[in-house]
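Here is start22.tsv, consisting of TSV, C-alpha atoms:
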chain	number	residue	atom	x	y	z
A	1	MET	CA	-41.40	18.42	-11.34
A	2	SER	CA	-40.08	21.95	-11.00
A	3	THR	CA	-38.94	24.05	-13.94
A	4	GLU	CA	-35.40	24.21	-12.51
A	5	THR	CA	-32.72	22.52	-14.63
A	6	ALA	CA	-29.31	20.95	-14.07
A	7	THR	CA	-26.43	20.91	-16.53
A	8	LEU	CA	-24.39	17.75	-17.00
A	9	THR	CA	-21.19	17.76	-19.00
A	10	VAL	CA	-20.47	14.21	-20.02
A	11	THR	CA	-17.44	12.54	-21.59
A	12	ARG	CA	-18.17	11.20	-25.09
A	13	TYR	CA	-15.90	8.75	-26.85
A	14	ARG	CA	-17.10	7.08	-30.02
A	15	PRO	CA	-14.09	5.05	-31.19
A	16	GLU	CA	-15.51	4.54	-34.69
A	17	VAL	CA	-15.57	8.29	-35.37
A	18	GLU	CA	-13.04	9.95	-33.03
A	19	ASP	CA	-9.52	9.29	-31.77
A	20	GLN	CA	-9.90	10.85	-28.36
A	21	PRO	CA	-12.72	11.71	-25.97
A	22	THR	CA	-14.70	14.94	-26.18
A	23	ARG	CA	-17.27	16.51	-23.88
A	24	GLN	CA	-20.95	17.15	-24.43
A	25	SER	CA	-23.32	19.17	-22.23
A	26	TYR	CA	-26.95	18.31	-21.59
A	27	VAL	CA	-29.62	20.25	-19.72
A	28	VAL	CA	-32.00	18.04	-17.74
A	29	PRO	CA	-35.01	18.85	-15.53
A	30	TYR	CA	-33.87	19.08	-11.91
A	31	ASP	CA	-35.52	17.64	-8.85
A	32	GLU	CA	-33.87	17.47	-5.44
A	33	ASP	CA	-34.55	13.71	-5.28
A	34	MET	CA	-32.63	13.06	-8.51
A	35	VAL	CA	-29.29	11.25	-8.54
A	36	VAL	CA	-26.70	11.57	-11.31
A	37	LEU	CA	-27.79	8.20	-12.72
A	38	ASP	CA	-31.39	9.50	-13.02
A	39	ALA	CA	-30.07	12.43	-15.03
A	40	LEU	CA	-28.07	10.09	-17.31
A	41	ASN	CA	-31.17	7.93	-17.80
A	42	TYR	CA	-33.15	11.08	-18.71
A	43	ILE	CA	-30.50	12.00	-21.28
A	44	LYS	CA	-30.52	8.48	-22.73
A	45	ASP	CA	-34.35	8.30	-22.86
A	46	GLN	CA	-35.21	11.86	-23.92
A	47	LEU	CA	-32.21	13.69	-25.36
A	48	ASP	CA	-29.56	11.39	-26.83
A	49	GLY	CA	-30.05	7.65	-27.14
A	50	SER	CA	-26.44	7.18	-28.24
A	51	LEU	CA	-24.95	7.87	-24.79
A	52	SER	CA	-23.37	4.72	-23.32
A	53	TYR	CA	-22.88	3.94	-19.62
A	54	ARG	CA	-23.25	0.99	-17.26
A	55	TRP	CA	-25.87	0.61	-14.58
A	56	SER	CA	-28.10	-2.06	-13.16
A	57	CYS	CA	-29.58	-2.04	-9.67
A	58	ARG	CA	-29.69	1.74	-8.98
A	59	MET	CA	-29.46	0.96	-5.24
A	60	GLY	CA	-25.76	0.72	-4.42
A	61	ILE	CA	-25.44	-3.06	-4.59
A	62	CYS	CA	-24.40	-4.05	-8.12
A	63	GLY	CA	-21.38	-1.75	-8.36
A	64	SER	CA	-21.81	-1.03	-12.09
A	65	CYS	CA	-22.59	2.70	-12.16
A	66	GLY	CA	-19.28	4.04	-10.82
A	67	MET	CA	-18.10	7.23	-12.58
A	68	ASN	CA	-15.98	10.26	-11.78
A	69	VAL	CA	-18.36	13.04	-10.79
A	70	ASN	CA	-16.63	16.43	-10.65
A	71	GLY	CA	-13.33	14.58	-10.38
A	72	THR	CA	-14.29	12.22	-7.53
A	73	PRO	CA	-15.12	8.53	-8.05
A	74	LYS	CA	-18.78	7.99	-7.07
A	75	LEU	CA	-21.60	5.52	-7.44
A	76	THR	CA	-23.87	7.66	-9.61
A	77	CYS	CA	-26.98	5.97	-8.15
A	78	ALA	CA	-26.05	7.34	-4.74
A	79	THR	CA	-24.86	10.81	-5.76
A	80	PHE	CA	-27.56	13.47	-5.65
A	81	LEU	CA	-27.66	16.37	-8.10
A	82	ARG	CA	-28.51	18.66	-5.18
A	83	GLN	CA	-24.92	18.28	-3.89
A	84	TYR	CA	-23.70	20.24	-6.91
A	85	GLN	CA	-26.69	22.35	-7.95
A	86	PRO	CA	-26.64	25.01	-9.39
A	87	ASN	CA	-23.06	24.35	-10.56
A	88	GLU	CA	-22.20	22.31	-13.60
A	89	ILE	CA	-21.83	18.56	-13.02
A	90	VAL	CA	-18.97	16.92	-14.92
A	91	VAL	CA	-19.42	13.18	-15.42
A	92	GLU	CA	-16.38	11.23	-16.65
A	93	PRO	CA	-15.54	7.53	-16.92
A	94	LEU	CA	-13.75	6.19	-13.81
A	95	ALA	CA	-10.18	7.48	-13.82
A	96	ASN	CA	-7.18	5.16	-14.39
A	97	PHE	CA	-9.13	2.74	-16.65
A	98	PRO	CA	-9.11	2.60	-20.46
A	99	ILE	CA	-12.34	3.89	-22.03
A	100	ILE	CA	-14.32	1.56	-24.29
A	101	ARG	CA	-17.07	4.05	-25.18
A	102	ASP	CA	-18.41	7.24	-23.55
A	103	LEU	CA	-18.65	6.41	-19.82
A	104	VAL	CA	-17.93	2.70	-20.18
A	105	ILE	CA	-14.52	1.51	-18.95
A	106	ASP	CA	-12.59	-1.68	-19.63
A	107	LEU	CA	-12.48	-3.91	-16.52
A	108	SER	CA	-10.44	-6.81	-17.95
A	109	ASP	CA	-7.28	-5.78	-16.08
A	110	PHE	CA	-9.04	-5.92	-12.71
A	111	LEU	CA	-10.76	-9.23	-13.45
A	112	ASN	CA	-7.46	-10.87	-14.37
A	113	LYS	CA	-5.85	-9.55	-11.17
A	114	LEU	CA	-8.78	-10.61	-9.02
A	115	GLY	CA	-8.29	-14.23	-10.09
A	116	LYS	CA	-4.59	-14.08	-9.17
A	117	VAL	CA	-5.28	-13.48	-5.46
A	118	LYS	CA	-7.65	-16.49	-5.35
A	119	PRO	CA	-10.59	-14.79	-3.63
A	120	TRP	CA	-12.35	-17.92	-2.47
A	121	LEU	CA	-12.11	-20.27	0.52
A	122	ILE	CA	-9.19	-22.69	0.30
A	123	PRO	CA	-9.80	-25.09	3.20
A	124	ALA	CA	-6.91	-27.02	4.75
A	125	ASP	CA	-8.55	-30.33	3.78
A	126	ASP	CA	-11.58	-31.22	1.74
A	127	ARG	CA	-14.21	-32.52	4.11
A	128	PRO	CA	-17.10	-34.64	2.85
A	129	LEU	CA	-20.49	-32.88	2.96
A	130	SER	CA	-21.68	-35.44	5.51
A	131	GLU	CA	-19.37	-33.86	8.10
A	132	GLY	CA	-21.48	-30.71	8.04
A	133	GLU	CA	-20.70	-27.02	7.72
A	134	TYR	CA	-17.55	-25.16	8.72
A	135	ARG	CA	-18.60	-23.33	11.86
A	136	GLN	CA	-17.53	-19.86	12.95
A	137	THR	CA	-18.12	-17.80	16.06
A	138	PRO	CA	-19.49	-14.24	15.66
A	139	ALA	CA	-16.04	-12.93	16.69
A	140	GLN	CA	-14.40	-14.95	13.87
A	141	VAL	CA	-16.88	-13.47	11.38
A	142	GLU	CA	-16.06	-9.97	12.63
A	143	ASP	CA	-12.40	-10.55	11.74
A	144	TYR	CA	-13.22	-10.34	8.02
A	145	ARG	CA	-16.84	-9.10	7.69
A	146	GLN	CA	-15.94	-5.50	6.81
A	147	PHE	CA	-13.67	-6.65	3.96
A	148	SER	CA	-16.36	-8.95	2.54
A	149	MET	CA	-18.63	-5.99	1.73
A	150	CYS	CA	-16.80	-5.13	-1.51
A	151	ILE	CA	-19.09	-4.82	-4.56
A	152	ASN	CA	-16.23	-4.54	-7.11
A	153	CYS	CA	-17.37	-1.05	-8.14
A	154	MET	CA	-13.78	0.04	-8.95
A	155	LEU	CA	-14.07	3.44	-7.25
A	156	CYS	CA	-10.96	2.55	-5.21
A	157	TYR	CA	-8.92	1.90	-8.37
A	158	ALA	CA	-10.06	5.20	-9.84
A	159	ALA	CA	-8.98	6.97	-6.62
A	160	CYS	CA	-5.60	5.23	-6.34
A	161	PRO	CA	-2.71	7.29	-7.79
A	162	VAL	CA	-0.40	4.28	-7.44
A	163	TYR	CA	-2.63	2.28	-9.80
A	164	GLY	CA	-2.75	5.31	-12.10
A	165	ARG	CA	1.03	5.47	-12.35
A	166	GLU	CA	1.86	1.76	-11.96
A	167	PRO	CA	-0.89	-0.15	-13.77
A	168	GLU	CA	0.66	-3.51	-12.83
A	169	PHE	CA	-0.27	-2.86	-9.16
A	170	ILE	CA	-2.83	-5.48	-8.09
A	171	GLY	CA	-4.77	-2.69	-6.45
A	172	PRO	CA	-7.03	-1.99	-3.47
A	173	ALA	CA	-10.15	-4.12	-4.02
A	174	ALA	CA	-8.32	-7.30	-5.04
A	175	LEU	CA	-5.85	-7.01	-2.15
A	176	ALA	CA	-8.68	-6.25	0.31
A	177	LEU	CA	-10.51	-9.37	-0.88
A	178	ALA	CA	-7.34	-11.43	-0.50
A	179	HIS	CA	-7.08	-10.11	3.06
A	180	ARG	CA	-10.74	-10.97	3.63
A	181	TYR	CA	-10.09	-14.66	2.83
A	182	ASN	CA	-6.78	-14.71	4.71
A	183	MET	CA	-8.64	-13.55	7.83
A	184	ASP	CA	-11.34	-16.21	7.50
A	185	SER	CA	-11.00	-18.98	10.11
A	186	ARG	CA	-12.23	-21.54	7.53
A	187	ASP	CA	-9.43	-20.69	5.12
A	188	ALA	CA	-5.89	-22.09	4.84
A	189	GLY	CA	-4.84	-20.46	1.56
A	190	ARG	CA	-2.67	-17.64	2.90
A	191	ALA	CA	0.64	-19.08	1.66
A	192	THR	CA	-0.88	-19.67	-1.81
A	193	ARG	CA	-2.19	-16.11	-2.04
A	194	LEU	CA	1.09	-14.68	-0.79
A	195	GLN	CA	2.75	-15.39	-4.15
A	196	ALA	CA	0.63	-12.70	-5.82
A	197	MET	CA	0.32	-10.44	-2.77
A	198	ALA	CA	4.02	-10.29	-1.88
A	199	GLY	CA	5.27	-9.85	-5.47
A	200	SER	CA	6.56	-6.52	-6.78
A	201	ALA	CA	3.06	-5.60	-8.03
A	202	GLY	CA	1.47	-6.46	-4.71
A	203	LEU	CA	1.39	-5.08	-1.17
A	204	SER	CA	4.69	-3.20	-1.37
A	205	GLU	CA	3.40	-0.94	-4.17
A	206	CYS	CA	0.89	0.64	-1.77
A	207	THR	CA	2.21	3.79	-0.07
A	208	TYR	CA	-0.98	4.37	1.94
A	209	VAL	CA	-2.44	7.34	0.12
A	210	GLY	CA	-5.73	6.22	1.68
A	211	GLU	CA	-8.05	7.70	-0.94
A	212	CYS	CA	-9.42	4.20	-1.74
A	213	THR	CA	-10.90	4.10	1.75
A	214	VAL	CA	-12.33	7.61	1.44
A	215	VAL	CA	-14.24	6.86	-1.78
A	216	CYS	CA	-15.38	3.31	-0.89
A	217	PRO	CA	-19.21	3.32	-0.79
A	218	LYS	CA	-19.28	0.20	1.41
A	219	ASN	CA	-16.79	1.22	4.14
A	220	VAL	CA	-14.51	-1.67	3.22
A	221	ASP	CA	-11.32	0.25	4.09
A	222	PRO	CA	-9.00	-1.35	1.52
A	223	ALA	CA	-6.08	0.79	2.74
A	224	ALA	CA	-6.25	-0.76	6.21
A	225	ALA	CA	-6.63	-4.25	4.70
A	226	ILE	CA	-3.44	-3.76	2.66
A	227	GLN	CA	-1.41	-2.45	5.62
A	228	ARG	CA	-2.64	-5.33	7.81
A	229	SER	CA	-1.62	-7.79	5.09
A	230	LYS	CA	1.81	-6.10	4.96
A	231	ILE	CA	2.24	-6.68	8.70
A	232	ALA	CA	1.13	-10.33	8.36
A	233	ALA	CA	3.42	-10.93	5.36
A	234	THR	CA	6.38	-9.34	7.18
A	235	ALA	CA	5.73	-11.43	10.29
A	236	ASP	CA	5.55	-14.56	8.10
A	237	TRP	CA	8.89	-13.68	6.49
A	238	TYR	CA	10.64	-13.13	9.85
A	239	SER	CA	9.23	-16.33	11.29
A	240	SER	CA	10.40	-18.26	8.22
A	241	ILE	CA	13.92	-16.91	8.76
A	242	LEU	CA	14.03	-17.22	12.56
A	243	MET	CA	12.01	-20.42	12.86
A	244	PRO	CA	12.38	-22.32	9.55
A	245	TRP	CA	11.11	-25.49	11.22
A	246	ALA	CA	7.77	-23.89	12.20
A	247	LYS	CA	4.71	-24.83	10.15
A	248	ARG	CA	3.41	-21.89	8.13
B	1	MET	CA	-8.81	-17.59	-23.43
B	2	THR	CA	-8.16	-15.53	-20.30
B	3	VAL	CA	-10.87	-13.90	-18.23
B	4	ASN	CA	-12.84	-11.34	-20.21
B	5	GLU	CA	-10.66	-11.31	-23.28
B	6	PRO	CA	-12.53	-9.04	-25.68
B	7	VAL	CA	-14.38	-10.88	-28.43
B	8	GLN	CA	-13.50	-8.20	-30.95
B	9	GLU	CA	-10.56	-5.84	-31.07
B	10	LEU	CA	-11.48	-2.75	-29.05
B	11	LYS	CA	-10.11	0.70	-29.75
B	12	LEU	CA	-9.53	1.62	-26.13
B	13	TYR	CA	-8.59	5.13	-25.09
B	14	ARG	CA	-6.02	5.34	-22.29
B	15	ARG	CA	-5.94	8.66	-20.48
B	16	PRO	CA	-2.50	9.90	-19.44
B	17	MET	CA	-2.10	10.64	-15.74
B	18	PRO	CA	-1.02	14.26	-15.20
B	19	ARG	CA	2.06	14.93	-13.06
B	20	THR	CA	-0.05	17.35	-11.04
B	21	TRP	CA	-2.46	14.64	-9.84
B	22	TRP	CA	-1.55	15.41	-6.23
B	23	LEU	CA	-2.97	18.93	-6.56
B	24	ARG	CA	-6.39	17.51	-7.45
B	25	ASN	CA	-7.64	17.32	-3.87
B	26	ARG	CA	-6.59	18.23	-0.35
B	27	ARG	CA	-6.01	14.65	0.78
B	28	TYR	CA	-3.61	13.90	-2.11
B	29	PHE	CA	-1.73	17.08	-1.23
B	30	LEU	CA	-1.48	16.16	2.46
B	31	TYR	CA	-0.27	12.69	1.45
B	32	MET	CA	2.54	14.26	-0.61
B	33	LEU	CA	3.39	16.50	2.35
B	34	ARG	CA	3.52	13.46	4.66
B	35	GLU	CA	5.75	11.52	2.26
B	36	SER	CA	8.07	14.45	1.53
B	37	SER	CA	8.61	14.97	5.27
B	38	SER	CA	11.09	12.08	5.13
B	39	ILE	CA	13.37	14.10	2.81
B	40	PHE	CA	13.70	16.89	5.38
B	41	VAL	CA	14.25	14.43	8.22
B	42	ALA	CA	16.92	12.63	6.14
B	43	ILE	CA	18.80	15.93	5.55
B	44	TRP	CA	18.62	16.65	9.26
B	45	VAL	CA	20.05	13.20	10.08
B	46	ILE	CA	22.95	13.82	7.65
B	47	LEU	CA	23.64	17.15	9.40
B	48	LEU	CA	23.56	15.34	12.75
B	49	MET	CA	26.21	12.90	11.48
B	50	VAL	CA	28.36	15.82	10.32
B	51	GLN	CA	27.93	17.33	13.79
B	52	LEU	CA	29.09	14.07	15.42
B	53	ALA	CA	32.10	13.94	13.08
B	54	GLN	CA	33.00	17.48	14.13
B	55	LEU	CA	32.68	16.45	17.77
B	56	GLY	CA	35.11	13.61	17.08
B	57	ALA	CA	37.52	16.09	15.47
B	58	GLY	CA	37.96	17.99	18.72
B	59	ARG	CA	36.58	20.91	20.71
B	60	GLN	CA	37.71	23.64	18.32
B	61	ALA	CA	36.24	22.01	15.23
B	62	TYR	CA	32.96	21.37	17.04
B	63	GLN	CA	32.70	24.92	18.39
B	64	GLY	CA	33.40	26.22	14.89
B	65	PHE	CA	30.58	24.11	13.47
B	66	VAL	CA	28.16	25.26	16.17
B	67	ASP	CA	29.00	28.96	15.86
B	68	GLY	CA	29.55	28.97	12.12
B	69	PHE	CA	26.59	26.88	11.06
B	70	LEU	CA	24.15	25.65	13.71
B	71	ARG	CA	23.55	29.12	15.21
B	72	SER	CA	23.00	30.77	11.85
B	73	PRO	CA	19.45	31.98	11.10
B	74	GLY	CA	19.22	29.62	8.11
B	75	ALA	CA	20.06	26.55	10.21
B	76	ILE	CA	17.59	27.57	12.91
B	77	LEU	CA	14.87	28.10	10.31
B	78	PHE	CA	15.68	24.74	8.74
B	79	GLY	CA	15.49	23.12	12.19
B	80	ALA	CA	12.03	24.61	12.72
B	81	VAL	CA	10.85	23.30	9.34
B	82	VAL	CA	12.24	19.83	10.12
B	83	LEU	CA	10.53	19.85	13.51
B	84	ALA	CA	7.18	20.72	11.91
B	85	PHE	CA	7.56	17.96	9.32
B	86	ALA	CA	8.71	15.41	11.94
B	87	LEU	CA	5.71	16.22	14.14
B	88	TYR	CA	3.33	15.97	11.16
B	89	HIS	CA	4.86	12.64	10.15
B	90	SER	CA	4.70	11.25	13.71
B	91	ILE	CA	1.12	12.41	14.35
B	92	THR	CA	-0.21	10.99	11.06
B	93	TRP	CA	1.78	7.79	11.70
B	94	HIS	CA	0.01	7.23	15.04
B	95	GLN	CA	-3.37	8.14	13.54
B	96	LEU	CA	-2.92	5.55	10.79
B	97	ALA	CA	-1.50	2.99	13.23
B	98	GLY	CA	-4.84	2.98	15.04
B	99	VAL	CA	-6.57	1.81	11.88
B	100	VAL	CA	-3.86	-0.60	10.78
B	101	GLN	CA	-2.90	-2.34	14.04
B	102	VAL	CA	-5.64	-4.54	15.42
B	103	VAL	CA	-5.33	-4.83	19.20
B	104	LYS	CA	-7.65	-7.31	20.85
B	105	ILE	CA	-8.54	-7.62	24.51
B	106	GLY	CA	-9.82	-11.20	24.59
B	107	ASP	CA	-12.17	-11.49	21.61
B	108	ARG	CA	-12.96	-7.78	21.38
B	109	PRO	CA	-10.80	-5.46	19.29
B	110	LEU	CA	-10.02	-1.97	20.59
B	111	SER	CA	-11.39	0.85	18.44
B	112	PRO	CA	-8.90	2.68	16.17
B	113	ARG	CA	-9.31	5.76	18.38
B	114	GLN	CA	-8.31	3.78	21.46
B	115	VAL	CA	-5.25	2.29	19.74
B	116	THR	CA	-4.21	5.77	18.56
B	117	ALA	CA	-4.74	7.18	22.07
B	118	TRP	CA	-2.47	4.48	23.56
B	119	ALA	CA	0.13	5.12	20.84
B	120	PHE	CA	0.14	8.86	21.66
B	121	ALA	CA	0.38	8.05	25.40
B	122	GLY	CA	3.38	5.80	24.71
B	123	TRP	CA	5.03	8.48	22.56
B	124	LEU	CA	4.53	11.07	25.31
B	125	LEU	CA	5.97	8.71	27.95
B	126	VAL	CA	9.08	7.92	25.88
B	127	SER	CA	9.55	11.65	25.13
B	128	VAL	CA	9.35	12.52	28.85
B	129	VAL	CA	11.87	9.79	29.72
B	130	ILE	CA	14.32	10.98	27.03
B	131	ALA	CA	13.86	14.62	28.03
B	132	THR	CA	14.49	13.69	31.67
B	133	VAL	CA	17.67	11.80	30.78
B	134	ILE	CA	18.98	14.70	28.69
B	135	LEU	CA	17.95	17.61	30.92
B	136	VAL	CA	18.25	16.16	34.46
B	137	VAL	CA	20.66	13.23	34.56
Could you render the structure from this file as C-alpha cells?
Amino acid sequence: MSTETATLTVTRYRPEVEDQPTRQSYVVPYDEDMVVLDALNYIKDQLDGSLSYRWSCRMGICGSCGMNVNGTPKLTCATFLRQYQPNEIVVEPLANFPIIRDLVIDLSDFLNKLGKVKPWLIPADDRPLSEGEYRQTPAQVEDYRQFSMCINCMLCYAACPVYGREPEFIGPAALALAHRYNMDSRDAGRATRLQAMAGSAGLSECTYVGECTVVCPKNVDPAAAIQRSKIAATADWYSSILMPWAKR
Amino acid sequence: MTVNEPVQELKLYRRPMPRTWWLRNRRYFLYMLRESSSIFVAIWVILLMVQLAQLGAGRQAYQGFVDGFLRSPGAILFGAVVLAFALYHSITWHQLAGVVQVVKIGDRPLSPRQVTAWAFAGWLLVSVVIATVILVV
C-alpha cells in the first residue's frame, strides 16, 4: 500500500450525547482500488470503533451501504476514492431520511409504504399447484424485467426533492415496484394497487425531476416507471368514464 | 405492530431541507428552469388573449396595442425569452416522451431514441403545416 492518504469527513450523530449531528474527519491510507466503504471499514477497524454505518455484501447487491458522498447518493461499495482524490470526501447519511446514529438512517417510512403498493403477484384466480407454473414469453418478461432489478437501496429517495419536501409521497422505488407487478402478465392486481398509487401521495406527486433515475445503481429508471403508470392510470380513468360497462 | 416499528423509542434527527436544494446540482437547476418555463408561457398566453380582445374592439384599438406595446423593445425582448423557454420546454418534453411512451412494433419496443426522433419529426411536420397555412394560404 502506498503512503498516500485520503481524508474522509463523516457525519457523526450520537443521540445519547448530542442533539444534532456533527462532522468528524479521518485520514486513511489510500489505494486506487479502495472504495468509500473500504475506507469506512478501515476507520471502524483501526481508528474509531464507535462509527456506525450499514453494509453487508460489498458487491452492489444487498443495497445496505447507500450514503451521500459529496452530496450525491451512492452505493459506497461501488464508489472509488480515486474519483475524488486528492480532494476531501464528505460522507453523510442518505438525504431525506431521519438519522438513527452516525450514517445509519431510519427506513421504517419506506417499508410501510412498500407494503401499501402490494409488491407481489396477485393472480386473477388461485390455481392449484397441479396445474403447473404460470408461463411467460421472453417478450412478456421484458415488459417488467428492468423494474424488477430494484435492490431497495434508497438512493432514489435520497435524490428525490419531492420526497424531501413532501414526506408522505410514496416515492420512486415503491412506485417502480408497483409498476413492475402491474406490467407482469401473471398479475391481475392493478386495480387493487391503484388505490395507493392514484391517491394524493402517489403518482401525481411526481413532477419528473428524474434524479432518481440518474442515481439508481441498477438502471431501474423509476422516473419512467412512474410516468408510465400515470399514463396507464389516466387511461383507466377515461375508460371507466367512457365505457363504464367494460371490465377493468 | 406495524412493519418495523422500533422496539425502543429512538431519538431520530430529521434534517431540514434547504430552500436552495435546486442549486445543489446542474440537473436540479435545469429541472427548475423547465418547470418555470410554464410561467413565461402562461404570461404570453394572457397577452395573446388581451391582443384578441383588442382586435375585437376594432382596428384603432388593435393598432394602438400593436404600436404602443407589442413593438416596444421590452415586449420584443419578452417574446424572445418566451420563445427560448417554449423551445426548451418542447425539446425536453419530446426527449422525456421517448423514455416514457413505450411504442411497440409487434413484440419489439422501439428504443427511446427512436420514439424521440419520431416525436421531433411529427413536431417539425405540424410546424411546417401551420407555417404554410399562415404564410401562404
>> Give me the residues near range 87-93 of chain A as a ChimeraX atom specification, where near means some atom within 12 Å (using only C-alpha atoms) and where sequence neighbours in that chain fewer than 6 positions away do not count.
In response: /A:5-13,21-28,35-37,39-40,52-54,64-76,79-81,99-107,154-155,158 /B:13-15
> Any idea what's packed within 12 Å of Trp21 in chain B, counting all atoms listed in the file, ignoring anything in its chain fewer than 3 positions away? Could you give it as an NGL selection string?
Replying inline: (:A and (71 or 95-96 or 159-162 or 164-165)) or (:B and (16-18 or 24-29 or 31-32))
> Taking all atoms listed in the file into account, which residues of chain B are within 12 Å of chain A, as a ChimeraX atom specification?
Replying inline: /B:1-35,92-93,95-104,106-109,112
> Just how far from CA of Arg113 in chain B is CA of Ser38 in chain B, in Å to one decimal?
Replying inline: 25.1 Å
> Between A:Arg186, A:Ser200, A:Pro86, A:Pro222, which is the closest to Met149 in chain A once you count only C-alpha atoms?
Replying inline: A:Pro222
Need the axis-aligned box for range 18-30 of chain A with 4 Å each side, so what are the centre and edges in Å to one decimal, as JSON?
{"center_x": -22.3, "center_y": 14.8, "center_z": -22.5, "size_x": 33.5, "size_y": 19.0, "size_z": 29.1}
>> Residues within 12 Å of (5.8, 10.8, 14.2), file coordinates, counting only C-alpha atoms: what are they? Give the list as a list in words.
In response: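 Applying the cut-off with only C-alpha atoms, one gets Arg34, Glu35, Ser37, Ser38, Val41, Val82, Leu83, Ala84, Phe85, Ala86, Leu87, Tyr88, His89, Ser90, Ile91, Thr92, Trp93, His94, Gln95, Leu96, Ala97, Ala119, Phe120, Gly122, Trp123, Leu124 and Ser127 of chain B.
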